[in-house]
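First up is the structure itself, then whatever we jot down about it.
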Amino acid sequence: MIISILSADNKWGIGKRNGLLFSLPIDMKFFRTTTSGHVVAMGENTLLSFPNSKPLKNRTHIVLSADPTHNYEGVINVHSFEEFLKTIKEYSLKEDVYIIGGASIYNQMIPYVDMVLLTKVDEDGKAEVFFHNLDEDNNFKCVESGEPLIDNGHTIRFTKYINSNKVDI
């Protein structure tokens, strides 16, 4: 399966200044637990936003950089969206692949994902970049919506959306 995993505010905002909108320890633990041991696919800026710009532990990383001279250690480097899709497809035949950002990657991958694991934050994070509004997309159905939790002073809810009209890669 191909799964997008992310958090968004109540306006579908997901980031600003190449960073997260909120510090959410419970959500981060969910992300770590869910993606650990799996493949994560991202754009170059997402990799660069990690501590020391290094890959996350215990994961295989597919990183898309449009610049063919940008090759990072410890990741699978790809340099076109077509190559990104081809590599994701190869891995998804054997295991789950998690799409982890940034905004451009999330939005380009919408047609291809089986599922979106979305942590909804019930406030406006004053975002600069936004995710596709799944509640207004007839191809997506919210099949799970957890109870509200307080995470570092923010009300969050774990949700799961299924894509009923997935485009094959």
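Residue numbering restarts at 1 for every chain of the structure tokens, chains are lettered A, B, ... in their displayed order, and ligands are numbered from 1 as they appear.
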- Task: Determine, counting only C-alpha atoms, which protein, DNA and RNA residues have an atom within 10 Å of an atom of region 141-148 of chain A; residues of the same chain fewer than 6 positions away are not included. Present the result as a ChimeraX atom specification.
- Result: /A:115-122,134-135,154-164
- Those of region 8-154 of chain A in DSSP helix (DSSP H, G or I), formatted as a count of residues only: 45
- Note on the structure: Atom pair CA of Ser7 (chain A) + CA of Ser23 (chain A), distance 10.7 Å
- Task: Write out as a ChimeraX atom specification each polymer residue whose atoms come within 12 Å of Ile110 (chain A), counting only C-alpha atoms; drop sequence neighbours fewer than 6 positions from it.
- Result: /A:2-5,99,101,103-104,116,131-134,137,139-140,161-169
12 Å contact set for Glu82 (chain A), only C-alpha atoms, chain neighbours under 2 positions out, as a PDB file with N, CA and C atoms, in the first residue's frame:
```pdb
ATOM      1  N   LEU A  64      13.287  12.598  -3.416  1.00  0.00           N
ATOM      2  CA  LEU A  64      13.233  13.234  -4.718  1.00  0.00           C
ATOM      3  C   LEU A  64      13.890  14.602  -4.657  1.00  0.00           C
ATOM      4  N   SER A  65      14.919  14.789  -5.491  1.00  0.00           N
ATOM      5  CA  SER A  65      15.538  16.104  -5.686  1.00  0.00           C
ATOM      6  C   SER A  65      15.570  16.372  -7.177  1.00  0.00           C
ATOM      7  N   ALA A  66      15.063  17.523  -7.573  1.00  0.00           N
ATOM      8  CA  ALA A  66      15.078  17.876  -8.993  1.00  0.00           C
ATOM      9  C   ALA A  66      16.490  18.125  -9.500  1.00  0.00           C
ATOM     10  N   VAL A  78      16.413   9.945  -6.128  1.00  0.00           N
ATOM     11  CA  VAL A  78      15.773   9.972  -7.436  1.00  0.00           C
ATOM     12  C   VAL A  78      15.668  11.440  -7.867  1.00  0.00           C
ATOM     13  N   HIS A  79      15.616  11.655  -9.191  1.00  0.00           N
ATOM     14  CA  HIS A  79      15.729  13.024  -9.683  1.00  0.00           C
ATOM     15  C   HIS A  79      14.612  13.457 -10.635  1.00  0.00           C
ATOM     16  N   SER A  80      13.536  12.683 -10.700  1.00  0.00           N
ATOM     17  CA  SER A  80      12.360  13.105 -11.464  1.00  0.00           C
ATOM     18  C   SER A  80      11.139  12.499 -10.779  1.00  0.00           C
ATOM     19  N   PHE A  84      10.575   8.807  -9.133  1.00  0.00           N
ATOM     20  CA  PHE A  84      10.025   8.731  -7.780  1.00  0.00           C
ATOM     21  C   PHE A  84       8.862   7.729  -7.759  1.00  0.00           C
ATOM     22  N   LEU A  85       7.914   7.889  -8.698  1.00  0.00           N
ATOM     23  CA  LEU A  85       6.769   6.975  -8.773  1.00  0.00           C
ATOM     24  C   LEU A  85       7.203   5.542  -9.039  1.00  0.00           C
ATOM     25  N   LYS A  86       8.137   5.371  -9.967  1.00  0.00           N
ATOM     26  CA  LYS A  86       8.618   4.018 -10.315  1.00  0.00           C
ATOM     27  C   LYS A  86       9.247   3.337  -9.095  1.00  0.00           C
ATOM     28  N   THR A  87      10.038   4.074  -8.338  1.00  0.00           N
ATOM     29  CA  THR A  87      10.707   3.512  -7.158  1.00  0.00           C
ATOM     30  C   THR A  87       9.688   3.186  -6.068  1.00  0.00           C
ATOM     31  N   ILE A  88       8.726   4.076  -5.864  1.00  0.00           N
ATOM     32  CA  ILE A  88       7.659   3.809  -4.883  1.00  0.00           C
ATOM     33  C   ILE A  88       6.894   2.547  -5.276  1.00  0.00           C
ATOM     34  N   LYS A  89       6.566   2.432  -6.559  1.00  0.00           N
ATOM     35  CA  LYS A  89       5.816   1.256  -7.022  1.00  0.00           C
ATOM     36  C   LYS A  89       6.589  -0.030  -6.738  1.00  0.00           C
ATOM     37  N   GLN A 108       0.977  15.991  -5.065  1.00  0.00           N
ATOM     38  CA  GLN A 108       1.179  15.242  -6.311  1.00  0.00           C
ATOM     39  C   GLN A 108       0.828  13.768  -6.148  1.00  0.00           C
ATOM     40  N   MET A 109       0.975  13.246  -4.927  1.00  0.00           N
ATOM     41  CA  MET A 109       0.736  11.822  -4.684  1.00  0.00           C
ATOM     42  C   MET A 109      -0.731  11.477  -4.377  1.00  0.00           C
ATOM     43  N   ILE A 169       0.085   3.271 -10.379  1.00  0.00           N
ATOM     44  CA  ILE A 169       1.343   3.859 -10.871  1.00  0.00           C
ATOM     45  C   ILE A 169       1.815   3.034 -12.060  1.00  0.00           C
TER      46      ILE A 169
END
```
- Message: Need to verify the contact set: Lys57 (chain A), 12 Å, only C-alpha atoms, exclusion of same-chain residues closer than 4 positions in sequence. Can you return it as a VMD selection string?
- Response: chain A and resid 32 to 33 35 to 40 50 to 51 61 74 to 75
- Message: What parts of region 74-135 of chain A does DSSP call strand (DSSP E)? I'd like the answer as a list in words.
- Response: Ile76, Asn77, Val78, Val97, Tyr98, Ile99, Met115, Val116, Leu117, Leu118, Thr119, Lys120, Val121, Val129 and Phe130 of chain A
Residues as selected, N, CA and C atoms, written as an mmCIF file, in the first residue's frame, can you do that?
```
data_model
loop_
_atom_site.group_PDB
_atom_site.id
_atom_site.type_symbol
_atom_site.label_atom_id
_atom_site.label_comp_id
_atom_site.auth_asym_id
_atom_site.auth_seq_id
_atom_site.Cartn_x
_atom_site.Cartn_y
_atom_site.Cartn_z
ATOM 1 N N ILE A 76 17.776 6.472 -0.992
ATOM 2 C CA ILE A 76 17.643 6.195 -2.416
ATOM 3 C C ILE A 76 17.337 7.529 -3.071
ATOM 4 N N ASN A 77 18.271 8.032 -3.861
ATOM 5 C CA ASN A 77 18.135 9.328 -4.513
ATOM 6 C C ASN A 77 17.465 9.159 -5.877
ATOM 7 N N VAL A 78 16.413 9.945 -6.128
ATOM 8 C CA VAL A 78 15.773 9.972 -7.436
ATOM 9 C C VAL A 78 15.668 11.440 -7.867
ATOM 10 N N VAL A 97 4.559 1.781 1.745
ATOM 11 C CA VAL A 97 5.386 2.965 1.526
ATOM 12 C C VAL A 97 4.604 4.157 2.071
ATOM 13 N N TYR A 98 5.266 4.929 2.933
ATOM 14 C CA TYR A 98 4.643 6.094 3.554
ATOM 15 C C TYR A 98 5.164 7.364 2.886
ATOM 16 N N ILE A 99 4.241 8.183 2.436
ATOM 17 C CA ILE A 99 4.563 9.496 1.873
ATOM 18 C C ILE A 99 4.604 10.464 3.050
ATOM 19 N N MET A 115 -4.400 5.257 1.037
ATOM 20 C CA MET A 115 -4.913 5.702 2.323
ATOM 21 C C MET A 115 -4.168 6.945 2.779
ATOM 22 N N VAL A 116 -4.844 7.749 3.602
ATOM 23 C CA VAL A 116 -4.210 8.892 4.245
ATOM 24 C C VAL A 116 -4.447 8.763 5.745
ATOM 25 N N LEU A 117 -3.361 8.733 6.509
ATOM 26 C CA LEU A 117 -3.433 8.773 7.964
ATOM 27 C C LEU A 117 -3.207 10.221 8.361
ATOM 28 N N LEU A 118 -4.289 10.884 8.756
ATOM 29 C CA LEU A 118 -4.254 12.315 9.002
ATOM 30 C C LEU A 118 -4.566 12.606 10.461
ATOM 31 N N THR A 119 -3.638 13.298 11.110
ATOM 32 C CA THR A 119 -3.896 13.798 12.451
ATOM 33 C C THR A 119 -4.448 15.203 12.298
ATOM 34 N N LYS A 120 -5.709 15.368 12.694
ATOM 35 C CA LYS A 120 -6.354 16.678 12.592
ATOM 36 C C LYS A 120 -6.123 17.451 13.885
ATOM 37 N N VAL A 121 -5.638 18.682 13.741
ATOM 38 C CA VAL A 121 -5.410 19.570 14.880
ATOM 39 C C VAL A 121 -6.517 20.622 14.842
ATOM 40 N N VAL A 129 1.651 26.451 3.726
ATOM 41 C CA VAL A 129 1.404 25.395 2.742
ATOM 42 C C VAL A 129 0.269 24.506 3.256
ATOM 43 N N PHE A 130 -0.483 23.968 2.299
ATOM 44 C CA PHE A 130 -1.719 23.271 2.635
ATOM 45 C C PHE A 130 -1.800 21.916 1.954
#
```
- Query: For Leu6 (chain A), which residue out of A:Asn107, A:Asn45, A:Thr69, A:Ser53 is the nearest one, using only C-alpha atoms?
  - Reply: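 Looking at the shortest contact to Leu6 (chain A), the residue is A:Asn107.
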- Task: Could you please determine the separation between CA of Ser92 (chain A) and CA of Met1 (chain A) in Å, to one decimal place?
- Result: 5.7 Å
- Task: Would you mind telling me which residue in A:Leu21, A:Ile26, A:Met42, A:Ile62 lies nearest to Gly102 (chain A) when using only C-alpha atoms?
- Result: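 Ranking A:Leu21, A:Ile26, A:Met42, A:Ile62 by distance to Gly102 (chain A), first place goes to A:Met42.
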- Could you check how far CA of Asp96 (chain A) sits from CA of Thr60 (chain A), in Å to one decimal? 11.0 Å
Spatial neighbours of Leu48 (chain A), max dist 10 Å, only C-alpha atoms, sep filter under 6 positions, as a PDB file with N, CA and C atoms, in the first residue's frame:
```
ATOM      1  N   ASN A  18       9.254  25.629   6.109  1.00  0.00           N
ATOM      2  CA  ASN A  18       9.817  24.282   6.002  1.00  0.00           C
ATOM      3  C   ASN A  18       9.810  23.535   7.334  1.00  0.00           C
ATOM      4  N   LYS A  54      19.747  14.329   8.343  1.00  0.00           N
ATOM      5  CA  LYS A  54      20.069  12.909   8.198  1.00  0.00           C
ATOM      6  C   LYS A  54      18.792  12.074   8.150  1.00  0.00           C
ATOM      7  N   PRO A  55      18.827  10.914   7.484  1.00  0.00           N
ATOM      8  CA  PRO A  55      17.658  10.041   7.423  1.00  0.00           C
ATOM      9  C   PRO A  55      17.207   9.592   8.815  1.00  0.00           C
ATOM     10  N   TYR A  72      22.161  12.275  -1.517  1.00  0.00           N
ATOM     11  CA  TYR A  72      22.357  12.217  -0.070  1.00  0.00           C
ATOM     12  C   TYR A  72      22.734  10.813   0.366  1.00  0.00           C
TER      13      TYR A  72
END
```
- Of the residues A:Trp12, A:Phe31, A:Phe22, A:Phe81, which is the one nearest to Ile100 (chain A), using only C-alpha atoms? A:Phe31
